[in-house]
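Beneath this line is the structure, given in structure tokens, with notes to follow.
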Amino acid sequence: MTHSISIKDLTLSFGAVTVLEDLNLDVGQGEFLVLLGSSGCGKSTLLNCIAGLLDITDGEIHIQGKNVTWEEPSKRGIGMVFQSYALYPQMTVEGNLAFGLKNARVPKAEIATRIARAADVLQIEPLLKRKPAALSGGQRQRVAIGRALVRDVDVFLFDEPLSNLDAKLRANLRVEIKRLHHTLKNTMIYVTHDQVEAMTLADRIAIMRDGQIMQLAPPAEIYNRPVNKYVAGFIGSPAMNLIPGQLDAADQQFDTGLGMSISVQGYEFTSAPITGPVWLGLRPEHVLSGQMAQTQPVQLDAYVDMVEPMGSDTQVWAKIGKQELRFRMDGQAEVAIGDTVPIGFDPARLSLFDKKSEARL
Amino acid sequence: MTAVTPRGAKPQKALSPRNIMLYGALVIFSLYYLLPLYVMIVTSLKDMAEIRVGNIFSAPVEITFQPWVKAWSQACTGINCDGLSRGFWNSVRILIPSLIISVSVAALTGYVLACWRFKGSEVFFGILLLGAFIPYQVLLYPLVIILRELGLFGSLWGLVLVHTVFAMPINVLLFRNYFVALPEELFKAARVDGAGFWGIFFRIVIPMSLPIFVVSGIIQVTGIWNDFLFGVVYTRPENYPMTVQLNNIVNSVQGVKEYNVNMAATLLTGLVPLVVYFFSGKLFIRGIAAGAVKG
């Protein structure tokens, strides 16, 4: 099976500044790929390159097996949805949906059928005669998705489509986009800086930084086995505890030098264990407390520094010796500042990173 | 029951010192600007006998429209005695092509500079803006030579070309800045939708830019209509615009100075820009303010 999108050695530079360098990426048929990263990491730039809105410096882009590197955006077989919706303000919703089809000289009857179908899928029939100014944010974004839908294309590109919406609407539309993908089974590339969107929507996530893809993997793997310290810190909320210390390869012992010394026996090393400075990554939700702690291979006593009750759970800022550690307790747990709580965790769920290269050990 | 207590700022009295100062100043300034207009109108409606009495502020005892008729169709300039009407139609013939060509070219240039940047486009724009700071008088004679070489000197089209060229800096600036403020993602969306250079210009950009077209149009109408210098330098007498004709009527040194006719002629000449302002003033303000507040 050919890839839906295949990017080979893509390089993009503006004058002396290289934004993307030798980037390779293959996206499968019907895959939902999320490009995730903080602002300025090149994720939107990459999407614009795929769409043909930016001329690349070097490399090749193939869509559905066709080399489209120098093809016009409209000829690439893509539909695109933008953060600001980018609806044409002087046209009605219907006009917005029809604009691209008219440019492509699609027959009138066909245009009407396609608009009717898209309007049905997105439930925007009552809005067809309205101008964008008379629509709410959620409705506008629906129309913008509709504009990509009517084009009858294999690939959808989303450029932070939900960033301009309020939290509740965002959650609703997120589910709708997922449902849409389930129904249409198109290839979708989705750019976001929101890790919740990335985790919930993606088949695979590409985490980007400084124009490079740090890790490309399914959400669960990114969460459980981040390839480096950056990915580990980026994914997860509250963020992963990243604790500096010394690792002893021989007896598999980790020591912070601040009164916390644990065995990492059971940790699956991806490369040979080293002796030297490392980062130890421990997700707050992987720390068990109270009775549960006794079932875990590693057990410690934590001195509670600060408590943040959230209702569903309670965030605890604690100290082990002088080492700070953040973990999660049950929402009903009765814990107060100054308490000492027994905690425990399984080294199999840890992450260890080389201090210097920051790569996973 | 809770007592209702007044909230908010204390209402101001209509005749507070602040209001008296404010409206007083406004009235004085209005009078200052409107008085000459008043004098012109009343004088143009008097006959010469009444003008010779010497009270320029008094309303006309006997209203006569004869000076207006004379100014329009009978006043003499040189050997022609058909009044301002000849100049009026000349001005119209100059105005319409100059307006259409200059606004179109400026809009297109602004569009390219805003949305289709090319290597050196910023430098080009800078040089264009520099043109706004060069006094017209410096360019008068070189332009005469250029027009002569082009074979356009003295013709109406020569003048149209001059008006178009001189309109560029300020109008391109207006259009470019307006277009730059349009959301960039709209252009991207239009490109994905298959619209090209002209498609985006005509179907996306122009429909969104009515206010700036009005602003540019008003600037051009008033500028071209009020132009005297280019009209007198680059055309022959049979093509003289209204302003030149007006000058020739008012400055004629033979015989009696007919103040009433002069006033009527001046008012007639100023009528076109005045009418344009009256009908599109609101759009003009909106265009100038657009970009300041995004709606």
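Labels used: A, B, ... for chains in the order of the structure tokens, numbers from 1 for residues in each chain, and numbers from 1 for ligands as shown.
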
Near-stretch 27-41 of chain B list (7 Å; only C-alpha atoms; drop same-chain fewer than 2 positions) as a PyMOL selection string: chain B and resi 23-25+43-45+56-57+263

10 Å contacts from chain A to chain B using only C-alpha atoms, as an NGL selection string: :A and (48 or 51-54 or 72-91 or 96-104 or 133 or 144 or 147-148 or 151)

Give the helix (DSSP H, G or I) residues of stretch 229-293 of chain B, as assigned by DSSP on the backbone, as a short mmCIF file (atom, residue, chain, number, x, y, z; two decimals) with C-alpha atoms, in the first residue's frame.
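Writing the result to selection-v1.cif gives the following:
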```cif
data_model
loop_
_atom_site.label_atom_id
_atom_site.label_comp_id
_atom_site.auth_asym_id
_atom_site.auth_seq_id
_atom_site.Cartn_x
_atom_site.Cartn_y
_atom_site.Cartn_z
CA LEU B 229 -0.74 73.43 -12.42
CA PHE B 230 -0.74 70.28 -14.55
CA GLY B 231 -3.79 71.44 -16.45
CA VAL B 232 -2.19 74.68 -17.51
CA VAL B 233 1.22 73.17 -18.24
CA TYR B 234 0.40 69.96 -20.09
CA PRO B 237 -6.14 75.98 -24.44
CA GLU B 238 -8.90 73.93 -26.09
CA ASN B 239 -8.40 71.28 -23.40
CA MET B 242 -12.34 74.26 -15.38
CA THR B 243 -9.85 75.64 -12.86
CA VAL B 244 -7.77 77.23 -15.58
CA GLN B 245 -10.90 78.59 -17.22
CA LEU B 246 -11.99 80.03 -13.88
CA ASN B 247 -8.67 81.76 -13.42
CA ASN B 248 -8.93 83.24 -16.90
CA ILE B 249 -12.39 84.59 -16.20
CA VAL B 250 -11.63 85.97 -12.73
CA TYR B 259 -17.71 90.30 -8.69
CA ASN B 260 -21.04 88.54 -8.84
CA VAL B 261 -20.02 86.57 -11.94
CA ASN B 262 -16.65 85.73 -10.40
CA MET B 263 -18.28 84.46 -7.23
CA ALA B 264 -20.77 82.36 -9.18
CA ALA B 265 -17.99 80.94 -11.35
CA THR B 266 -15.90 80.03 -8.31
CA LEU B 267 -18.84 78.34 -6.62
CA LEU B 268 -19.62 76.41 -9.80
CA THR B 269 -16.06 75.17 -9.98
CA GLY B 270 -16.05 74.07 -6.37
CA LEU B 271 -19.35 72.28 -6.71
CA VAL B 272 -18.06 68.87 -7.79
CA PRO B 273 -15.73 68.18 -4.84
CA LEU B 274 -18.39 69.59 -2.54
CA VAL B 275 -21.03 67.21 -3.86
CA VAL B 276 -18.63 64.27 -3.60
CA TYR B 277 -17.95 65.08 0.04
CA PHE B 278 -21.61 65.45 0.84
CA PHE B 279 -22.54 62.09 -0.60
CA SER B 280 -19.61 59.99 0.49
CA GLY B 281 -18.34 61.76 3.59
CA LYS B 282 -19.50 58.95 5.85
CA LEU B 283 -17.75 56.30 3.77
CA PHE B 284 -14.68 58.50 3.68
CA ILE B 285 -14.48 58.64 7.46
CA ARG B 286 -15.10 54.91 7.65
CA GLY B 287 -12.30 54.22 5.19
CA ILE B 288 -9.84 56.43 7.03
CA ALA B 289 -10.77 54.83 10.35
#
```

Expected answer as JSON, numbers by chain: strand (DSSP E) residues in stretch 197-358 of chain A: {"A": [204, 205, 206, 207, 208, 209, 212, 213, 214, 215, 216, 217, 241, 242, 243, 244, 245, 246, 247, 248, 253, 254, 255, 261, 262, 263, 276, 277, 278, 279, 280, 281, 282, 288, 289, 298, 299, 300, 301, 302, 303, 304, 305, 306, 307, 308, 309, 313, 314, 315, 316, 317, 318, 319, 320, 323, 324, 325, 326, 327, 328, 329, 330, 340, 341, 342, 343, 344, 345, 351, 352, 353, 354]}

Close residues, A:Ser237 itself excluded, 9 Å, only C-alpha atoms, min 5 positions apart in chain, as a PyMOL selection string: chain A and resi 195+283-284

Could those residues be written to a file, using all heavy atoms, as a PDB file, in the first residue's frame?
```pdb
ATOM      1  N   GLN A 195      -2.024  19.388  23.932  1.00  0.00           N
ATOM      2  CA  GLN A 195      -1.714  17.958  24.036  1.00  0.00           C
ATOM      3  C   GLN A 195      -2.956  17.110  24.234  1.00  0.00           C
ATOM      4  O   GLN A 195      -2.964  15.937  23.847  1.00  0.00           O
ATOM      5  CB  GLN A 195      -0.703  17.716  25.139  1.00  0.00           C
ATOM      6  CG  GLN A 195      -1.058  18.345  26.454  1.00  0.00           C
ATOM      7  CD  GLN A 195      -0.230  17.740  27.564  1.00  0.00           C
ATOM      8  OE1 GLN A 195      -0.159  16.537  27.729  1.00  0.00           O
ATOM      9  NE2 GLN A 195       0.424  18.600  28.319  1.00  0.00           N
ATOM     10  N   ARG A 283       5.930  10.050  36.259  1.00  0.00           N
ATOM     11  CA  ARG A 283       4.655  10.769  36.103  1.00  0.00           C
ATOM     12  C   ARG A 283       3.913  10.824  37.426  1.00  0.00           C
ATOM     13  O   ARG A 283       3.852   9.819  38.140  1.00  0.00           O
ATOM     14  CB  ARG A 283       3.786  10.085  35.047  1.00  0.00           C
ATOM     15  CG  ARG A 283       4.376  10.180  33.656  1.00  0.00           C
ATOM     16  CD  ARG A 283       3.315  10.073  32.585  1.00  0.00           C
ATOM     17  NE  ARG A 283       3.935  10.173  31.284  1.00  0.00           N
ATOM     18  CZ  ARG A 283       4.199  11.316  30.651  1.00  0.00           C
ATOM     19  NH1 ARG A 283       3.904  12.461  31.237  1.00  0.00           N
ATOM     20  NH2 ARG A 283       4.760  11.323  29.464  1.00  0.00           N
ATOM     21  N   PRO A 284       3.330  11.961  37.785  1.00  0.00           N
ATOM     22  CA  PRO A 284       2.609  12.116  39.056  1.00  0.00           C
ATOM     23  C   PRO A 284       1.530  11.055  39.227  1.00  0.00           C
ATOM     24  O   PRO A 284       1.308  10.564  40.332  1.00  0.00           O
ATOM     25  CB  PRO A 284       1.974  13.506  38.937  1.00  0.00           C
ATOM     26  CG  PRO A 284       2.853  14.245  37.995  1.00  0.00           C
ATOM     27  CD  PRO A 284       3.361  13.224  37.025  1.00  0.00           C
TER      28      PRO A 284
END
```

Non-local contacts of stretch 165-178 of chain A (9 Å; only C-alpha atoms; under 2 positions in same chain excluded) as a list of chain:residue names: A:Leu122, A:Gly137, A:Gly138, A:Gln141, A:Arg142, A:Pro161, A:Leu162, A:Ser163, A:Leu180, A:His181, A:His182, A:Thr183, A:Glu197, A:Thr200, A:Leu201, A:Ala202

For stretch 343-346 of chain A, find every residue with an atom within 12 Å (counting only C-alpha atoms), except residues of its own chain fewer than 3 positions away, and show them as a compact mmCIF listing (two decimals) with all heavy atoms, in the first residue's frame.
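The result, stored in part24.txt:
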```txt
# COMPACT_ATOMS: atom_id res chain seq x y z
N ILE A 262 16.87 5.23 45.10
CA ILE A 262 15.96 4.13 44.79
C ILE A 262 16.59 3.15 43.82
O ILE A 262 17.52 3.48 43.09
CB ILE A 262 14.64 4.66 44.17
CG1 ILE A 262 14.95 5.45 42.90
CG2 ILE A 262 13.86 5.49 45.16
CD1 ILE A 262 13.74 5.72 42.06
N SER A 263 16.03 1.95 43.80
CA SER A 263 16.46 0.95 42.83
C SER A 263 15.60 1.07 41.59
O SER A 263 14.40 1.31 41.67
CB SER A 263 16.29 -0.45 43.43
OG SER A 263 16.24 -1.40 42.39
N VAL A 264 16.23 0.96 40.42
CA VAL A 264 15.46 1.01 39.19
C VAL A 264 15.37 -0.38 38.55
O VAL A 264 15.14 -0.50 37.36
CB VAL A 264 16.05 2.03 38.17
CG1 VAL A 264 15.93 3.43 38.72
CG2 VAL A 264 17.48 1.69 37.83
N GLN A 265 15.55 -1.38 39.36
CA GLN A 265 15.44 -2.75 38.86
C GLN A 265 14.04 -2.97 38.29
O GLN A 265 13.05 -2.69 38.95
CB GLN A 265 15.68 -3.74 40.00
CG GLN A 265 16.42 -4.97 39.57
CD GLN A 265 17.64 -5.23 40.45
OE1 GLN A 265 17.58 -5.03 41.67
NE2 GLN A 265 18.74 -5.66 39.85
N GLY A 266 13.99 -3.45 37.06
CA GLY A 266 12.69 -3.64 36.40
C GLY A 266 12.49 -2.65 35.27
O GLY A 266 11.61 -2.80 34.44
N TYR A 267 13.34 -1.61 35.24
CA TYR A 267 13.27 -0.64 34.16
C TYR A 267 13.79 -1.26 32.87
O TYR A 267 14.83 -1.92 32.88
CB TYR A 267 14.08 0.61 34.51
CG TYR A 267 14.11 1.65 33.42
CD1 TYR A 267 13.02 2.49 33.22
CD2 TYR A 267 15.22 1.78 32.59
CE1 TYR A 267 13.05 3.43 32.21
CE2 TYR A 267 15.26 2.72 31.59
CZ TYR A 267 14.17 3.55 31.40
OH TYR A 267 14.18 4.48 30.40
N GLU A 268 13.04 -1.07 31.77
CA GLU A 268 13.48 -1.64 30.49
C GLU A 268 14.39 -0.66 29.78
O GLU A 268 13.91 0.30 29.18
CB GLU A 268 12.27 -1.94 29.61
CG GLU A 268 11.42 -3.08 30.11
CD GLU A 268 10.17 -3.24 29.26
OE1 GLU A 268 10.25 -3.05 28.03
OE2 GLU A 268 9.11 -3.52 29.85
N GLY A 281 12.55 10.33 35.12
CA GLY A 281 11.21 10.87 34.87
C GLY A 281 10.16 10.00 35.53
O GLY A 281 10.15 8.78 35.36
N LEU A 282 9.26 10.64 36.29
CA LEU A 282 8.24 9.89 37.00
C LEU A 282 6.93 10.66 36.89
O LEU A 282 6.84 11.82 37.34
CB LEU A 282 8.65 9.73 38.47
CG LEU A 282 7.64 9.09 39.42
CD1 LEU A 282 7.23 7.70 38.93
CD2 LEU A 282 8.24 9.00 40.82
N ARG A 283 5.93 10.05 36.26
CA ARG A 283 4.65 10.77 36.10
C ARG A 283 3.91 10.82 37.43
O ARG A 283 3.85 9.82 38.14
CB ARG A 283 3.79 10.08 35.05
CG ARG A 283 4.38 10.18 33.66
CD ARG A 283 3.32 10.07 32.58
NE ARG A 283 3.93 10.17 31.28
CZ ARG A 283 4.20 11.32 30.65
NH1 ARG A 283 3.90 12.46 31.24
NH2 ARG A 283 4.76 11.32 29.46
N PRO A 284 3.33 11.96 37.79
CA PRO A 284 2.61 12.12 39.06
C PRO A 284 1.53 11.05 39.23
O PRO A 284 1.31 10.56 40.33
CB PRO A 284 1.97 13.51 38.94
CG PRO A 284 2.85 14.24 37.99
CD PRO A 284 3.36 13.22 37.02
N GLU A 285 0.88 10.65 38.12
CA GLU A 285 -0.22 9.69 38.23
C GLU A 285 0.29 8.25 38.40
O GLU A 285 -0.50 7.35 38.65
CB GLU A 285 -1.18 9.81 37.04
CG GLU A 285 -0.53 9.69 35.68
CD GLU A 285 -0.07 11.03 35.12
OE1 GLU A 285 0.34 11.92 35.91
OE2 GLU A 285 -0.10 11.20 33.89
N HIS A 286 1.59 8.04 38.24
CA HIS A 286 2.13 6.69 38.42
C HIS A 286 2.61 6.45 39.85
O HIS A 286 3.09 5.36 40.17
CB HIS A 286 3.28 6.43 37.43
CG HIS A 286 2.79 6.32 36.02
ND1 HIS A 286 3.62 6.40 34.94
CD2 HIS A 286 1.54 6.16 35.52
CE1 HIS A 286 2.91 6.30 33.82
NE2 HIS A 286 1.64 6.15 34.16
N VAL A 287 2.52 7.48 40.67
CA VAL A 287 2.91 7.32 42.08
C VAL A 287 1.66 6.91 42.85
O VAL A 287 0.63 7.59 42.79
CB VAL A 287 3.45 8.66 42.64
CG1 VAL A 287 3.76 8.50 44.12
CG2 VAL A 287 4.68 9.09 41.86
N LEU A 288 1.73 5.79 43.53
CA LEU A 288 0.59 5.35 44.34
C LEU A 288 0.87 5.69 45.80
O LEU A 288 2.02 5.74 46.23
CB LEU A 288 0.37 3.85 44.18
CG LEU A 288 0.10 3.39 42.74
CD1 LEU A 288 -0.12 1.89 42.71
CD2 LEU A 288 -1.10 4.12 42.15
N SER A 289 -0.20 5.92 46.56
CA SER A 289 0.01 6.33 47.95
C SER A 289 -0.88 5.51 48.87
O SER A 289 -1.78 4.80 48.43
CB SER A 289 -0.29 7.82 48.09
OG SER A 289 -1.59 8.09 47.60
N GLY A 290 -0.61 5.61 50.14
CA GLY A 290 -1.40 4.92 51.16
C GLY A 290 -1.22 3.41 51.06
O GLY A 290 -0.12 2.90 50.84
N GLN A 291 -2.34 2.69 51.22
CA GLN A 291 -2.35 1.22 51.18
C GLN A 291 -1.72 0.69 49.90
O GLN A 291 -0.92 -0.24 49.91
CB GLN A 291 -3.81 0.74 51.24
CG GLN A 291 -4.53 1.07 52.53
CD GLN A 291 -4.12 0.14 53.64
OE1 GLN A 291 -4.15 -1.08 53.48
NE2 GLN A 291 -3.71 0.68 54.77
N MET A 292 -2.10 1.33 48.77
CA MET A 292 -1.67 0.88 47.44
C MET A 292 -0.15 0.88 47.32
O MET A 292 0.42 0.08 46.58
CB MET A 292 -2.24 1.80 46.36
CG MET A 292 -3.73 1.97 46.43
SD MET A 292 -4.55 0.66 45.55
CE MET A 292 -4.33 1.23 43.88
N ALA A 293 0.51 1.76 48.06
CA ALA A 293 1.95 1.92 47.93
C ALA A 293 2.69 0.63 48.30
O ALA A 293 3.74 0.34 47.75
CB ALA A 293 2.43 3.06 48.82
N GLN A 294 2.05 -0.12 49.20
CA GLN A 294 2.73 -1.32 49.69
C GLN A 294 2.86 -2.41 48.62
O GLN A 294 3.65 -3.34 48.76
CB GLN A 294 1.98 -1.87 50.90
CG GLN A 294 2.12 -0.95 52.09
CD GLN A 294 1.13 -1.29 53.19
OE1 GLN A 294 0.60 -2.40 53.24
NE2 GLN A 294 0.90 -0.33 54.07
N THR A 295 2.04 -2.31 47.54
CA THR A 295 2.13 -3.32 46.49
C THR A 295 3.25 -3.01 45.51
O THR A 295 3.54 -3.81 44.62
CB THR A 295 0.80 -3.37 45.70
OG1 THR A 295 0.62 -2.10 45.07
CG2 THR A 295 -0.37 -3.67 46.60
N GLN A 296 3.85 -1.84 45.60
CA GLN A 296 4.81 -1.39 44.60
C GLN A 296 6.24 -1.78 44.97
O GLN A 296 6.58 -1.85 46.16
CB GLN A 296 4.73 0.13 44.46
CG GLN A 296 3.38 0.63 43.99
CD GLN A 296 3.01 0.11 42.61
OE1 GLN A 296 3.79 0.25 41.67
NE2 GLN A 296 1.86 -0.53 42.49
N PRO A 297 7.06 -2.06 43.93
CA PRO A 297 8.46 -2.46 44.18
C PRO A 297 9.25 -1.37 44.92
O PRO A 297 10.09 -1.71 45.75
CB PRO A 297 9.03 -2.69 42.79
CG PRO A 297 7.85 -2.85 41.89
CD PRO A 297 6.74 -2.10 42.50
N VAL A 298 9.03 -0.13 44.59
CA VAL A 298 9.78 0.95 45.25
C VAL A 298 8.87 1.64 46.24
O VAL A 298 7.75 2.04 45.89
CB VAL A 298 10.32 1.97 44.23
CG1 VAL A 298 11.02 3.11 44.95
CG2 VAL A 298 11.26 1.30 43.25
N GLN A 299 9.29 1.76 47.48
CA GLN A 299 8.46 2.42 48.48
C GLN A 299 9.24 3.48 49.23
O GLN A 299 10.40 3.30 49.56
CB GLN A 299 7.91 1.38 49.47
CG GLN A 299 6.93 0.45 48.80
CD GLN A 299 6.43 -0.64 49.73
OE1 GLN A 299 6.43 -0.48 50.95
NE2 GLN A 299 6.03 -1.75 49.16
N LEU A 300 8.60 4.62 49.45
CA LEU A 300 9.26 5.76 50.08
C LEU A 300 8.29 6.45 51.01
O LEU A 300 7.07 6.21 50.96
CB LEU A 300 9.71 6.78 49.01
CG LEU A 300 10.77 6.32 48.01
CD1 LEU A 300 10.78 7.25 46.82
CD2 LEU A 300 12.15 6.28 48.66
N ASP A 301 8.81 7.32 51.84
CA ASP A 301 7.94 8.18 52.65
C ASP A 301 8.05 9.61 52.15
O ASP A 301 9.15 10.12 51.97
CB ASP A 301 8.36 8.13 54.12
CG ASP A 301 7.85 6.86 54.78
OD1 ASP A 301 6.74 6.41 54.38
OD2 ASP A 301 8.55 6.32 55.66
N ALA A 302 6.89 10.22 51.90
CA ALA A 302 6.90 11.58 51.37
C ALA A 302 6.34 12.55 52.40
O ALA A 302 5.30 12.29 53.00
CB ALA A 302 6.08 11.65 50.09
N TYR A 303 7.03 13.67 52.55
CA TYR A 303 6.60 14.72 53.47
C TYR A 303 5.78 15.73 52.65
O TYR A 303 6.28 16.29 51.66
CB TYR A 303 7.83 15.38 54.09
CG TYR A 303 7.51 16.61 54.91
CD1 TYR A 303 7.05 16.49 56.23
CD2 TYR A 303 7.67 17.88 54.37
CE1 TYR A 303 6.76 17.62 56.97
CE2 TYR A 303 7.38 19.01 55.11
CZ TYR A 303 6.92 18.88 56.42
OH TYR A 303 6.63 19.99 57.14
N VAL A 304 4.53 15.95 53.04
CA VAL A 304 3.62 16.77 52.22
C VAL A 304 3.91 18.26 52.43
O VAL A 304 3.87 18.77 53.54
CB VAL A 304 2.15 16.46 52.55
CG1 VAL A 304 1.23 17.37 51.74
CG2 VAL A 304 1.85 15.00 52.26
N VAL A 316 -0.46 16.66 45.01
CA VAL A 316 0.35 16.83 46.22
C VAL A 316 1.78 17.19 45.84
O VAL A 316 2.38 16.56 44.97
CB VAL A 316 0.35 15.53 47.06
CG1 VAL A 316 1.19 15.72 48.32
CG2 VAL A 316 -1.06 15.12 47.41
N ALA A 318 5.32 17.23 47.35
CA ALA A 318 5.92 16.61 48.54
C ALA A 318 7.43 16.64 48.45
O ALA A 318 8.01 17.02 47.43
CB ALA A 318 5.43 15.17 48.67
N LYS A 319 8.07 16.24 49.55
CA LYS A 319 9.53 16.16 49.55
C LYS A 319 9.96 14.81 50.06
O LYS A 319 9.40 14.28 51.02
CB LYS A 319 10.10 17.26 50.46
CG LYS A 319 10.29 18.56 49.70
CD LYS A 319 11.09 19.55 50.51
CE LYS A 319 11.34 20.79 49.67
NZ LYS A 319 11.52 21.97 50.51
N ILE A 320 10.95 14.27 49.36
CA ILE A 320 11.57 13.04 49.83
C ILE A 320 12.99 13.41 50.15
O ILE A 320 13.78 13.72 49.25
CB ILE A 320 11.50 11.94 48.76
CG1 ILE A 320 10.02 11.56 48.56
CG2 ILE A 320 12.33 10.74 49.17
CD1 ILE A 320 9.72 10.98 47.25
N LEU A 325 8.93 16.32 44.83
CA LEU A 325 8.22 15.35 44.00
C LEU A 325 6.75 15.71 43.99
O LEU A 325 6.19 16.08 45.02
CB LEU A 325 8.42 13.94 44.56
CG LEU A 325 7.83 12.82 43.72
CD1 LEU A 325 8.67 12.57 42.49
CD2 LEU A 325 7.74 11.53 44.56
N ARG A 326 6.17 15.61 42.81
CA ARG A 326 4.75 15.95 42.69
C ARG A 326 4.00 14.66 42.39
O ARG A 326 4.43 13.89 41.55
CB ARG A 326 4.62 16.92 41.51
CG ARG A 326 3.38 17.71 41.49
CD ARG A 326 3.52 18.72 40.38
NE ARG A 326 2.25 19.38 40.20
CZ ARG A 326 1.97 20.15 39.16
NH1 ARG A 326 2.87 20.32 38.23
NH2 ARG A 326 0.80 20.72 39.07
N PHE A 327 2.92 14.43 43.06
CA PHE A 327 2.13 13.24 42.73
C PHE A 327 0.64 13.47 42.96
O PHE A 327 0.23 14.51 43.45
CB PHE A 327 2.63 12.01 43.47
CG PHE A 327 2.54 12.08 44.97
CD1 PHE A 327 1.42 11.60 45.64
CD2 PHE A 327 3.57 12.61 45.72
CE1 PHE A 327 1.33 11.67 47.02
CE2 PHE A 327 3.49 12.68 47.09
CZ PHE A 327 2.37 12.21 47.75
N ARG A 328 -0.11 12.47 42.52
CA ARG A 328 -1.56 12.59 42.53
C ARG A 328 -2.14 11.64 43.54
O ARG A 328 -1.73 10.49 43.64
CB ARG A 328 -2.08 12.23 41.14
CG ARG A 328 -3.16 13.13 40.66
CD ARG A 328 -3.36 12.90 39.20
NE ARG A 328 -4.29 11.78 39.05
CZ ARG A 328 -4.79 11.45 37.88
NH1 ARG A 328 -4.43 12.09 36.78
NH2 ARG A 328 -5.65 10.46 37.79
N MET A 329 -3.15 12.12 44.30
CA MET A 329 -3.86 11.24 45.21
C MET A 329 -5.33 11.27 44.84
O MET A 329 -5.78 12.14 44.09
CB MET A 329 -3.67 11.69 46.67
CG MET A 329 -2.26 11.48 47.18
SD MET A 329 -2.08 12.06 48.87
CE MET A 329 -2.85 10.73 49.77
N THR A 340 3.06 12.91 56.66
CA THR A 340 4.00 12.04 55.95
C THR A 340 3.19 10.89 55.35
O THR A 340 2.44 10.22 56.05
CB THR A 340 5.08 11.50 56.90
OG1 THR A 340 5.77 12.62 57.46
CG2 THR A 340 6.07 10.64 56.15
N ARG A 349 7.59 1.73 34.97
CA ARG A 349 6.88 2.87 34.40
C ARG A 349 7.72 4.14 34.43
O ARG A 349 7.24 5.21 34.06
CB ARG A 349 5.59 3.10 35.19
CG ARG A 349 4.74 1.83 35.26
CD ARG A 349 3.43 2.07 35.92
NE ARG A 349 2.45 2.54 34.96
CZ ARG A 349 1.13 2.61 35.24
NH1 ARG A 349 0.68 2.29 36.42
NH2 ARG A 349 0.28 3.03 34.33
N LEU A 350 8.95 4.04 34.88
CA LEU A 350 9.83 5.20 34.90
C LEU A 350 10.36 5.53 33.50
O LEU A 350 10.24 4.73 32.58
CB LEU A 350 11.04 4.93 35.80
CG LEU A 350 10.85 4.90 37.31
CD1 LEU A 350 12.16 4.49 37.95
CD2 LEU A 350 10.41 6.26 37.81
N SER A 351 10.95 6.70 33.38
CA SER A 351 11.75 7.03 32.20
C SER A 351 13.10 7.50 32.69
O SER A 351 13.18 8.26 33.67
CB SER A 351 11.08 8.15 31.40
OG SER A 351 9.89 7.69 30.83
```

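Every protein or nucleic acid residue with an atom no more than 7 Å from B:Gly154, counting only C-alpha atoms and leaving out same-chain residues fewer than 2 positions away, appears here: Leu152, Leu156, Gly158, Tyr234, Thr235 and Arg236 of chain B.
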
Would you write out those residues with all heavy atoms, as a CSV table (one decimal), in the first residue's frame?
```csv
chain,number,residue,atom,x,y,z
B,152,LEU,N,2.7,62.7,-26.5
B,152,LEU,CA,1.4,62.9,-25.8
B,152,LEU,C,1.3,64.4,-25.3
B,152,LEU,O,0.3,64.7,-24.7
B,152,LEU,CB,1.4,62.0,-24.5
B,152,LEU,CG,1.1,60.5,-24.8
B,152,LEU,CD1,1.2,59.7,-23.5
B,152,LEU,CD2,-0.3,60.3,-25.4
B,156,LEU,N,-5.1,65.3,-24.1
B,156,LEU,CA,-5.8,65.0,-22.9
B,156,LEU,C,-5.1,63.8,-22.2
B,156,LEU,O,-5.0,63.7,-21.0
B,156,LEU,CB,-7.2,64.7,-23.3
B,156,LEU,CG,-8.3,65.0,-22.3
B,156,LEU,CD1,-9.3,66.0,-22.9
B,156,LEU,CD2,-8.9,63.7,-21.9
B,158,GLY,N,-2.1,62.8,-22.3
B,158,GLY,CA,-0.9,63.2,-21.6
B,158,GLY,C,-1.1,63.6,-20.2
B,158,GLY,O,-0.5,63.2,-19.2
B,234,TYR,N,0.3,71.1,-19.2
B,234,TYR,CA,0.4,70.0,-20.1
B,234,TYR,C,-0.7,69.9,-21.1
B,234,TYR,O,-0.8,69.0,-21.9
B,234,TYR,CB,0.4,68.6,-19.3
B,234,TYR,CG,1.6,68.5,-18.4
B,234,TYR,CD1,1.5,68.5,-17.0
B,234,TYR,CD2,2.9,68.6,-19.0
B,234,TYR,CE1,2.6,68.4,-16.2
B,234,TYR,CE2,4.0,68.5,-18.2
B,234,TYR,CZ,3.9,68.4,-16.8
B,234,TYR,OH,5.0,68.3,-16.0
B,235,THR,N,-1.6,70.9,-21.1
B,235,THR,CA,-2.7,70.8,-22.2
B,235,THR,C,-2.7,72.1,-23.0
B,235,THR,O,-2.1,73.1,-22.6
B,235,THR,CB,-4.1,70.7,-21.6
B,235,THR,OG1,-4.3,71.7,-20.6
B,235,THR,CG2,-4.2,69.3,-20.9
B,236,ARG,N,-3.4,72.1,-24.1
B,236,ARG,CA,-3.5,73.3,-24.9
B,236,ARG,C,-4.8,73.9,-24.5
B,236,ARG,O,-5.7,73.3,-23.9
B,236,ARG,CB,-3.6,72.8,-26.4
B,236,ARG,CG,-2.3,72.2,-26.9
B,236,ARG,CD,-2.1,72.3,-28.3
B,236,ARG,NE,-0.8,71.8,-28.7
B,236,ARG,CZ,-0.6,70.5,-29.0
B,236,ARG,NH1,-1.6,69.7,-28.9
B,236,ARG,NH2,0.6,70.1,-29.3
```
